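Shown here: data_30.cif, mmCIF, N, CA and C atoms.
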```
data_data
#
loop_
_atom_site.label_atom_id
_atom_site.label_comp_id
_atom_site.auth_asym_id
_atom_site.auth_seq_id
_atom_site.Cartn_x
_atom_site.Cartn_y
_atom_site.Cartn_z
N GLN A 17 8.88 2.74 19.22
CA GLN A 17 9.15 3.39 17.94
C GLN A 17 8.37 2.69 16.83
N VAL A 18 7.48 3.46 16.20
CA VAL A 18 6.67 2.89 15.13
C VAL A 18 7.46 2.90 13.83
N GLN A 19 7.44 1.76 13.16
CA GLN A 19 8.09 1.68 11.85
C GLN A 19 7.20 0.95 10.87
N LEU A 20 7.11 1.48 9.67
CA LEU A 20 6.47 0.82 8.54
C LEU A 20 7.54 0.70 7.46
N VAL A 21 7.81 -0.52 7.04
CA VAL A 21 8.87 -0.75 6.07
C VAL A 21 8.28 -1.44 4.84
N GLU A 22 8.33 -0.73 3.72
CA GLU A 22 7.82 -1.29 2.48
C GLU A 22 8.91 -2.06 1.75
N SER A 23 8.48 -3.04 0.98
CA SER A 23 9.40 -3.78 0.12
C SER A 23 8.61 -4.33 -1.06
N GLY A 24 9.35 -4.76 -2.08
CA GLY A 24 8.72 -5.41 -3.22
C GLY A 24 8.63 -4.57 -4.48
N GLY A 25 9.03 -3.32 -4.40
CA GLY A 25 9.00 -2.49 -5.61
C GLY A 25 10.06 -2.92 -6.60
N GLY A 26 9.98 -2.37 -7.80
CA GLY A 26 10.97 -2.72 -8.80
C GLY A 26 10.59 -2.23 -10.18
N LEU A 27 11.34 -2.72 -11.16
CA LEU A 27 11.14 -2.34 -12.57
C LEU A 27 10.52 -3.53 -13.30
N VAL A 28 9.34 -3.30 -13.88
CA VAL A 28 8.65 -4.38 -14.58
C VAL A 28 8.08 -3.87 -15.90
N GLN A 29 7.79 -4.81 -16.76
CA GLN A 29 7.17 -4.48 -18.03
C GLN A 29 5.65 -4.42 -17.86
N ALA A 30 5.01 -3.62 -18.67
CA ALA A 30 3.55 -3.54 -18.64
C ALA A 30 2.94 -4.93 -18.79
N GLY A 31 1.91 -5.19 -17.96
CA GLY A 31 1.25 -6.48 -17.98
C GLY A 31 1.74 -7.44 -16.91
N GLU A 32 2.89 -7.13 -16.35
CA GLU A 32 3.44 -8.00 -15.31
C GLU A 32 2.86 -7.65 -13.93
N SER A 33 3.33 -8.39 -12.93
CA SER A 33 2.80 -8.24 -11.57
C SER A 33 3.91 -7.94 -10.58
N LEU A 34 3.53 -7.31 -9.49
CA LEU A 34 4.40 -7.12 -8.34
C LEU A 34 3.58 -7.27 -7.08
N ARG A 35 4.24 -7.66 -6.01
CA ARG A 35 3.59 -7.74 -4.71
C ARG A 35 4.37 -6.89 -3.73
N LEU A 36 3.73 -5.87 -3.22
CA LEU A 36 4.35 -5.02 -2.22
C LEU A 36 4.00 -5.53 -0.82
N SER A 37 4.94 -5.37 0.09
CA SER A 37 4.72 -5.73 1.48
C SER A 37 5.01 -4.53 2.36
N CYS A 38 4.29 -4.45 3.47
CA CYS A 38 4.51 -3.40 4.46
C CYS A 38 4.57 -4.06 5.83
N ALA A 39 5.76 -4.12 6.39
CA ALA A 39 5.96 -4.72 7.69
C ALA A 39 5.90 -3.64 8.76
N ALA A 40 5.01 -3.83 9.73
CA ALA A 40 4.80 -2.84 10.79
C ALA A 40 5.39 -3.32 12.11
N SER A 41 5.94 -2.39 12.86
CA SER A 41 6.43 -2.69 14.19
C SER A 41 6.14 -1.50 15.09
N GLY A 42 6.02 -1.78 16.38
CA GLY A 42 5.77 -0.71 17.33
C GLY A 42 4.32 -0.29 17.45
N VAL A 43 3.43 -1.04 16.80
CA VAL A 43 1.99 -0.75 16.87
C VAL A 43 1.23 -2.05 17.11
N THR A 44 0.02 -1.91 17.66
CA THR A 44 -0.88 -3.06 17.73
C THR A 44 -1.56 -3.15 16.37
N PHE A 45 -0.99 -3.95 15.51
CA PHE A 45 -1.32 -3.93 14.09
C PHE A 45 -2.81 -4.10 13.83
N SER A 46 -3.45 -4.99 14.58
CA SER A 46 -4.85 -5.29 14.32
C SER A 46 -5.77 -4.12 14.60
N PHE A 47 -5.27 -3.09 15.28
CA PHE A 47 -6.08 -1.91 15.61
C PHE A 47 -5.95 -0.81 14.55
N PHE A 48 -5.21 -1.10 13.49
CA PHE A 48 -4.92 -0.07 12.50
C PHE A 48 -5.52 -0.40 11.14
N THR A 49 -6.15 0.60 10.54
CA THR A 49 -6.48 0.53 9.12
C THR A 49 -5.19 0.71 8.34
N MET A 50 -4.96 -0.17 7.38
CA MET A 50 -3.75 -0.12 6.57
C MET A 50 -4.12 0.33 5.15
N ALA A 51 -3.25 1.12 4.58
CA ALA A 51 -3.54 1.63 3.24
C ALA A 51 -2.25 1.77 2.44
N TRP A 52 -2.43 1.78 1.15
CA TRP A 52 -1.34 2.07 0.21
C TRP A 52 -1.71 3.34 -0.56
N PHE A 53 -0.76 4.23 -0.63
CA PHE A 53 -0.88 5.45 -1.44
C PHE A 53 0.22 5.41 -2.49
N HIS A 54 0.03 6.15 -3.55
CA HIS A 54 1.13 6.32 -4.50
C HIS A 54 1.26 7.77 -4.91
N GLN A 55 2.47 8.10 -5.31
CA GLN A 55 2.77 9.45 -5.77
C GLN A 55 3.61 9.36 -7.02
N GLY A 56 2.99 9.70 -8.15
CA GLY A 56 3.71 9.69 -9.42
C GLY A 56 4.51 10.96 -9.62
N PRO A 57 5.37 10.97 -10.61
CA PRO A 57 6.20 12.16 -10.88
C PRO A 57 5.35 13.40 -11.10
N GLY A 58 5.58 14.43 -10.31
CA GLY A 58 4.85 15.68 -10.45
C GLY A 58 3.40 15.63 -10.02
N LYS A 59 3.03 14.58 -9.31
CA LYS A 59 1.64 14.43 -8.90
C LYS A 59 1.51 14.42 -7.38
N GLN A 60 0.28 14.58 -6.92
CA GLN A 60 0.02 14.50 -5.49
C GLN A 60 -0.09 13.04 -5.05
N ARG A 61 0.13 12.82 -3.78
CA ARG A 61 -0.03 11.49 -3.21
C ARG A 61 -1.52 11.14 -3.20
N GLU A 62 -1.83 9.94 -3.67
CA GLU A 62 -3.23 9.51 -3.79
C GLU A 62 -3.43 8.14 -3.17
N LEU A 63 -4.62 7.92 -2.66
CA LEU A 63 -4.97 6.62 -2.10
C LEU A 63 -5.12 5.60 -3.23
N VAL A 64 -4.50 4.46 -3.02
CA VAL A 64 -4.62 3.34 -3.97
C VAL A 64 -5.62 2.32 -3.44
N ALA A 65 -5.42 1.91 -2.18
CA ALA A 65 -6.28 0.89 -1.59
C ALA A 65 -6.14 0.97 -0.08
N ALA A 66 -7.20 0.53 0.60
CA ALA A 66 -7.19 0.50 2.06
C ALA A 66 -7.92 -0.74 2.54
N ILE A 67 -7.50 -1.22 3.72
CA ILE A 67 -8.17 -2.35 4.35
C ILE A 67 -8.36 -2.02 5.82
N SER A 68 -9.58 -2.16 6.27
CA SER A 68 -9.90 -1.78 7.64
C SER A 68 -9.54 -2.90 8.62
N THR A 69 -9.79 -2.62 9.89
CA THR A 69 -9.49 -3.61 10.91
C THR A 69 -10.37 -4.85 10.79
N ASN A 70 -11.54 -4.71 10.20
CA ASN A 70 -12.41 -5.88 10.04
C ASN A 70 -12.28 -6.51 8.65
N GLY A 71 -11.32 -6.02 7.86
CA GLY A 71 -11.04 -6.64 6.57
C GLY A 71 -11.76 -6.05 5.38
N SER A 72 -12.60 -5.07 5.60
CA SER A 72 -13.28 -4.45 4.46
C SER A 72 -12.27 -3.61 3.67
N THR A 73 -12.46 -3.57 2.37
CA THR A 73 -11.49 -2.92 1.48
C THR A 73 -12.13 -1.88 0.60
N ASN A 74 -11.32 -0.94 0.16
CA ASN A 74 -11.77 -0.02 -0.88
C ASN A 74 -10.58 0.32 -1.77
N TYR A 75 -10.88 0.66 -3.02
CA TYR A 75 -9.85 0.85 -4.03
C TYR A 75 -10.11 2.11 -4.85
N ALA A 76 -9.04 2.69 -5.33
CA ALA A 76 -9.17 3.74 -6.32
C ALA A 76 -9.74 3.12 -7.60
N ASP A 77 -10.53 3.89 -8.32
CA ASP A 77 -11.15 3.37 -9.54
C ASP A 77 -10.10 2.88 -10.53
N SER A 78 -8.95 3.53 -10.54
CA SER A 78 -7.92 3.21 -11.53
C SER A 78 -7.30 1.84 -11.32
N VAL A 79 -7.48 1.25 -10.14
CA VAL A 79 -6.83 -0.04 -9.86
C VAL A 79 -7.83 -1.16 -9.60
N LYS A 80 -9.12 -0.85 -9.57
CA LYS A 80 -10.13 -1.87 -9.31
C LYS A 80 -10.03 -3.00 -10.33
N GLY A 81 -10.05 -4.22 -9.82
CA GLY A 81 -9.95 -5.38 -10.70
C GLY A 81 -8.52 -5.79 -11.01
N ARG A 82 -7.55 -4.93 -10.67
CA ARG A 82 -6.14 -5.26 -10.96
C ARG A 82 -5.32 -5.42 -9.68
N PHE A 83 -5.63 -4.62 -8.67
CA PHE A 83 -4.87 -4.65 -7.42
C PHE A 83 -5.72 -5.26 -6.30
N THR A 84 -5.04 -5.93 -5.37
CA THR A 84 -5.71 -6.50 -4.21
C THR A 84 -4.91 -6.18 -2.96
N ILE A 85 -5.57 -5.58 -1.99
CA ILE A 85 -4.93 -5.31 -0.71
C ILE A 85 -5.33 -6.40 0.28
N SER A 86 -4.40 -6.78 1.12
CA SER A 86 -4.69 -7.78 2.14
C SER A 86 -3.82 -7.51 3.36
N ARG A 87 -4.11 -8.22 4.43
CA ARG A 87 -3.34 -8.06 5.65
C ARG A 87 -3.22 -9.39 6.35
N ASP A 88 -2.12 -9.57 7.07
CA ASP A 88 -1.90 -10.73 7.91
C ASP A 88 -1.57 -10.21 9.31
N ASN A 89 -2.57 -10.22 10.17
CA ASN A 89 -2.37 -9.65 11.50
C ASN A 89 -1.35 -10.44 12.32
N ALA A 90 -1.22 -11.72 12.04
CA ALA A 90 -0.24 -12.54 12.76
C ALA A 90 1.19 -12.14 12.40
N LYS A 91 1.37 -11.61 11.20
CA LYS A 91 2.71 -11.22 10.74
C LYS A 91 2.91 -9.71 10.77
N ASN A 92 1.89 -8.97 11.23
CA ASN A 92 1.97 -7.51 11.26
C ASN A 92 2.35 -6.95 9.89
N THR A 93 1.75 -7.50 8.86
CA THR A 93 2.14 -7.13 7.51
C THR A 93 0.91 -6.92 6.64
N ALA A 94 0.99 -5.87 5.82
CA ALA A 94 -0.02 -5.61 4.80
C ALA A 94 0.61 -5.81 3.43
N TYR A 95 -0.23 -6.17 2.48
CA TYR A 95 0.26 -6.47 1.13
C TYR A 95 -0.55 -5.73 0.09
N LEU A 96 0.09 -5.52 -1.04
CA LEU A 96 -0.62 -5.01 -2.21
C LEU A 96 -0.19 -5.84 -3.41
N GLN A 97 -1.09 -6.69 -3.87
CA GLN A 97 -0.84 -7.47 -5.07
C GLN A 97 -1.26 -6.65 -6.27
N MET A 98 -0.31 -6.40 -7.16
CA MET A 98 -0.58 -5.54 -8.31
C MET A 98 -0.40 -6.38 -9.58
N ASN A 99 -1.49 -6.58 -10.28
CA ASN A 99 -1.49 -7.34 -11.53
C ASN A 99 -1.77 -6.41 -12.71
N SER A 100 -1.46 -6.91 -13.89
CA SER A 100 -1.71 -6.15 -15.13
C SER A 100 -1.23 -4.71 -15.01
N LEU A 101 0.00 -4.57 -14.58
CA LEU A 101 0.54 -3.23 -14.34
C LEU A 101 0.62 -2.44 -15.64
N LYS A 102 0.42 -1.14 -15.49
CA LYS A 102 0.44 -0.21 -16.61
C LYS A 102 1.51 0.86 -16.37
N PRO A 103 2.02 1.47 -17.43
CA PRO A 103 3.02 2.54 -17.22
C PRO A 103 2.51 3.65 -16.29
N GLU A 104 1.22 3.91 -16.33
CA GLU A 104 0.68 4.97 -15.46
C GLU A 104 0.65 4.58 -13.98
N ASP A 105 0.95 3.31 -13.67
CA ASP A 105 1.08 2.89 -12.27
C ASP A 105 2.45 3.27 -11.70
N THR A 106 3.34 3.74 -12.56
CA THR A 106 4.67 4.13 -12.10
C THR A 106 4.56 5.20 -11.03
N ALA A 107 5.15 4.94 -9.87
CA ALA A 107 5.05 5.85 -8.73
C ALA A 107 5.85 5.31 -7.56
N VAL A 108 6.03 6.13 -6.57
CA VAL A 108 6.50 5.66 -5.26
C VAL A 108 5.26 5.25 -4.48
N TYR A 109 5.29 4.06 -3.95
CA TYR A 109 4.17 3.52 -3.19
C TYR A 109 4.49 3.59 -1.70
N TYR A 110 3.57 4.19 -0.95
CA TYR A 110 3.76 4.39 0.47
C TYR A 110 2.74 3.59 1.27
N CYS A 111 3.20 3.02 2.33
CA CYS A 111 2.33 2.32 3.28
C CYS A 111 1.88 3.32 4.34
N ASN A 112 0.62 3.21 4.72
CA ASN A 112 0.03 4.10 5.73
C ASN A 112 -0.73 3.28 6.74
N ALA A 113 -0.58 3.65 8.00
CA ALA A 113 -1.32 3.01 9.08
C ALA A 113 -2.04 4.08 9.88
N LYS A 114 -3.33 3.87 10.12
CA LYS A 114 -4.11 4.82 10.90
C LYS A 114 -4.87 4.09 11.97
N GLY A 115 -4.65 4.52 13.23
CA GLY A 115 -5.26 3.86 14.35
C GLY A 115 -6.77 4.04 14.37
N ARG A 116 -7.47 2.92 14.54
CA ARG A 116 -8.94 2.97 14.56
C ARG A 116 -9.45 3.75 15.76
N TYR A 117 -8.77 3.61 16.88
CA TYR A 117 -9.23 4.25 18.11
C TYR A 117 -8.44 5.52 18.42
N SER A 118 -7.14 5.49 18.16
CA SER A 118 -6.29 6.63 18.50
C SER A 118 -6.29 7.72 17.43
N GLY A 119 -6.52 7.30 16.17
CA GLY A 119 -6.40 8.25 15.07
C GLY A 119 -4.98 8.57 14.69
N ASN A 120 -4.02 8.00 15.42
CA ASN A 120 -2.61 8.23 15.07
C ASN A 120 -2.33 7.67 13.68
N GLU A 121 -1.50 8.38 12.95
CA GLU A 121 -1.22 8.00 11.57
C GLU A 121 0.28 7.93 11.34
N TYR A 122 0.68 6.91 10.59
CA TYR A 122 2.10 6.70 10.34
C TYR A 122 2.31 6.37 8.87
N TRP A 123 3.52 6.72 8.39
CA TRP A 123 3.88 6.47 6.99
C TRP A 123 5.19 5.73 6.88
N GLY A 124 5.29 4.90 5.87
CA GLY A 124 6.57 4.32 5.51
C GLY A 124 7.33 5.27 4.61
N ARG A 125 8.55 4.87 4.23
CA ARG A 125 9.39 5.72 3.40
C ARG A 125 9.14 5.55 1.91
N GLY A 126 8.43 4.51 1.56
CA GLY A 126 8.06 4.31 0.18
C GLY A 126 8.93 3.32 -0.56
N THR A 127 8.35 2.74 -1.60
CA THR A 127 9.09 1.84 -2.48
C THR A 127 8.71 2.19 -3.92
N LEU A 128 9.71 2.24 -4.78
CA LEU A 128 9.49 2.71 -6.15
C LEU A 128 9.04 1.57 -7.06
N VAL A 129 7.97 1.82 -7.79
CA VAL A 129 7.48 0.91 -8.81
C VAL A 129 7.59 1.62 -10.16
N THR A 130 8.29 1.00 -11.08
CA THR A 130 8.44 1.56 -12.42
C THR A 130 7.94 0.54 -13.43
N VAL A 131 7.00 0.96 -14.26
CA VAL A 131 6.41 0.08 -15.27
C VAL A 131 6.72 0.66 -16.64
N PHE A 132 7.39 -0.12 -17.48
CA PHE A 132 7.72 0.35 -18.82
C PHE A 132 6.92 -0.43 -19.85
N SER A 133 6.68 0.22 -20.98
CA SER A 133 5.88 -0.41 -22.04
C SER A 133 6.77 -1.07 -23.08
#
```
Taking this structure as input, can you express it in the form of structure tokens?
Amino acid sequence: QVQLVESGGGLVQAGESLRLSCAASGVTFSFFTMAWFHQGPGKQRELVAAISTNGSTNYADSVKGRFTISRDNAKNTAYLQMNSLKPEDTAVYYCNAKGRYSGNEYWGRGTLVTVFS
């Protein structure tokens, strides 16, 4: 049974930081590209950041320079360090895993991030 469990969301003031975690189980973690998506109120789900199996990363333009995605294959966990948060970052953040070889894709249930000014 594949599970992705996000944690670390919360209510913060603009300019502050949060670190999201995504703990994976039931998958060979190192074989999966890990990504974070967010979905704001009334908006579509969008890619925030992704990290491939070899550690290469890509980011949405809106978060470049503020957010950092990372992974710890030994802990089967992906992270999203979010600095200089803005009210427009308010969203539910979802963890996504996509198999490099299988193409299988999995989602977590999401964690809410609320940024107030």
- [ ] Report as a PyMOL selection string the residues that result from applying the PyMOL selection byres ((chain A and resi 68) around 8) to the structure here.
- [x] chain A and resi 46-51+65-67+69-74
Take the residues from that selection and write them out as a PDB file, in the coordinates of the input, keeping N, CA and C atoms.
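And here is the file that came out, out.pdb:
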```pdb
ATOM      1  N   SER A  46      -3.450  -4.990  14.580  1.00  0.00           N
ATOM      2  CA  SER A  46      -4.850  -5.290  14.320  1.00  0.00           C
ATOM      3  C   SER A  46      -5.770  -4.120  14.600  1.00  0.00           C
ATOM      4  N   PHE A  47      -5.270  -3.090  15.280  1.00  0.00           N
ATOM      5  CA  PHE A  47      -6.080  -1.910  15.610  1.00  0.00           C
ATOM      6  C   PHE A  47      -5.950  -0.810  14.550  1.00  0.00           C
ATOM      7  N   PHE A  48      -5.210  -1.100  13.490  1.00  0.00           N
ATOM      8  CA  PHE A  48      -4.920  -0.070  12.500  1.00  0.00           C
ATOM      9  C   PHE A  48      -5.520  -0.400  11.140  1.00  0.00           C
ATOM     10  N   THR A  49      -6.150   0.600  10.540  1.00  0.00           N
ATOM     11  CA  THR A  49      -6.480   0.530   9.120  1.00  0.00           C
ATOM     12  C   THR A  49      -5.190   0.710   8.340  1.00  0.00           C
ATOM     13  N   MET A  50      -4.960  -0.170   7.380  1.00  0.00           N
ATOM     14  CA  MET A  50      -3.750  -0.120   6.570  1.00  0.00           C
ATOM     15  C   MET A  50      -4.120   0.330   5.150  1.00  0.00           C
ATOM     16  N   ALA A  51      -3.250   1.120   4.580  1.00  0.00           N
ATOM     17  CA  ALA A  51      -3.540   1.630   3.240  1.00  0.00           C
ATOM     18  C   ALA A  51      -2.250   1.770   2.440  1.00  0.00           C
ATOM     19  N   ALA A  65      -5.420   1.910  -2.180  1.00  0.00           N
ATOM     20  CA  ALA A  65      -6.280   0.890  -1.590  1.00  0.00           C
ATOM     21  C   ALA A  65      -6.140   0.970  -0.080  1.00  0.00           C
ATOM     22  N   ALA A  66      -7.200   0.530   0.600  1.00  0.00           N
ATOM     23  CA  ALA A  66      -7.190   0.500   2.060  1.00  0.00           C
ATOM     24  C   ALA A  66      -7.920  -0.740   2.540  1.00  0.00           C
ATOM     25  N   ILE A  67      -7.500  -1.220   3.720  1.00  0.00           N
ATOM     26  CA  ILE A  67      -8.170  -2.350   4.350  1.00  0.00           C
ATOM     27  C   ILE A  67      -8.360  -2.020   5.820  1.00  0.00           C
ATOM     28  N   THR A  69      -9.790  -2.620   9.890  1.00  0.00           N
ATOM     29  CA  THR A  69      -9.490  -3.610  10.910  1.00  0.00           C
ATOM     30  C   THR A  69     -10.370  -4.850  10.790  1.00  0.00           C
ATOM     31  N   ASN A  70     -11.540  -4.710  10.200  1.00  0.00           N
ATOM     32  CA  ASN A  70     -12.410  -5.880  10.040  1.00  0.00           C
ATOM     33  C   ASN A  70     -12.280  -6.510   8.650  1.00  0.00           C
ATOM     34  N   GLY A  71     -11.320  -6.020   7.860  1.00  0.00           N
ATOM     35  CA  GLY A  71     -11.040  -6.640   6.570  1.00  0.00           C
ATOM     36  C   GLY A  71     -11.760  -6.050   5.380  1.00  0.00           C
ATOM     37  N   SER A  72     -12.600  -5.070   5.600  1.00  0.00           N
ATOM     38  CA  SER A  72     -13.280  -4.450   4.460  1.00  0.00           C
ATOM     39  C   SER A  72     -12.270  -3.610   3.670  1.00  0.00           C
ATOM     40  N   THR A  73     -12.460  -3.570   2.370  1.00  0.00           N
ATOM     41  CA  THR A  73     -11.490  -2.920   1.480  1.00  0.00           C
ATOM     42  C   THR A  73     -12.130  -1.880   0.600  1.00  0.00           C
ATOM     43  N   ASN A  74     -11.320  -0.940   0.160  1.00  0.00           N
ATOM     44  CA  ASN A  74     -11.770  -0.020  -0.880  1.00  0.00           C
ATOM     45  C   ASN A  74     -10.580   0.320  -1.770  1.00  0.00           C
TER      46      ASN A  74
END
```
- [ ] Would you list the contacts of stretch 33-37 of chain A as an NGL selection string, taking every protein, DNA or RNA residue within 8 Å and counting only C-alpha atoms, but skipping same-chain residues closer than 2 positions in sequence?
- [x] :A and (21-26 or 28 or 31 or 39 or 93-101)
Open item on the list: Running the PyMOL selection byres (((chain A and resi 108 and name CA) around 10) and name CA) on this model by hand, what would come out? Give it as a count of residues only.
Closed with: 18
Open item on the list: Ranking A:Asn89, A:Gln19, A:Ser118, A:Gln29 by minimum distance to A:Lys102 and counting all atoms listed in the file, which one comes first?
Closed with: A:Gln29
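Interatomic distance, atom CA of A:Tyr75 against atom N of A:Tyr122: 19.0 Å.
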Can you report as lines of an AutoDock Vina configuration file the centre and edge lengths in Å, to one decimal, of an axis-aligned box around the listed atoms of stretch 66-70 of chain A padded with 6 Å on each side?
```
center_x = -9.8
center_y = -3.0
center_z = 5.8
size_x = 17.2
size_y = 19.0
size_z = 22.3
```
Open item on the list: Residues within 5 Å of (-4.9, 4.1, -3.6), file coordinates, counting only N, CA and C atoms: what are they? Give the list as a PyMOL selection string.
Closed with: chain A and resi 52-53+62-65+76
Task: Atom pair atom CA of A:Cys38 / atom CA of A:Gly115: separation (Å) - done: 15.7 Å
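DSSP, applied to the backbone of this structure, assigns strand (DSSP E or B) to the following residues of stretch 45-103 of chain A: Phe48, Thr49, Met50, Ala51, Trp52, Phe53, His54, Gln55, Glu62, Leu63, Val64, Ala65, Ala66, Ile67, Thr73, Asn74, Tyr75, Phe83, Thr84, Ile85, Ser86, Arg87, Asp88, Thr93, Ala94, Tyr95, Leu96, Gln97 and Met98 of chain A.
Taking atom CA of A:Lys114 and atom CA of A:Gly81 as the two end points, the separation is 24.6 Å.
Residue-level DSSP output for chain A, from the backbone, shows helix (DSSP H, G or I) at Phe45, Ser46, Phe47, Asp77, Ser78, Val79, Pro103, Glu104 and Asp105 of chain A.
Using all atoms listed in the file, the smallest distance between any of A:Val131, A:Val18, A:Lys59, A:Trp123 and A:Glu104 comes from A:Val131.
When all atoms listed in the file are used to measure the gap to A:Gly124, the shortest distance among A:Gln60, A:Asn112, A:Gln17, A:Ser41 belongs to A:Asn112.
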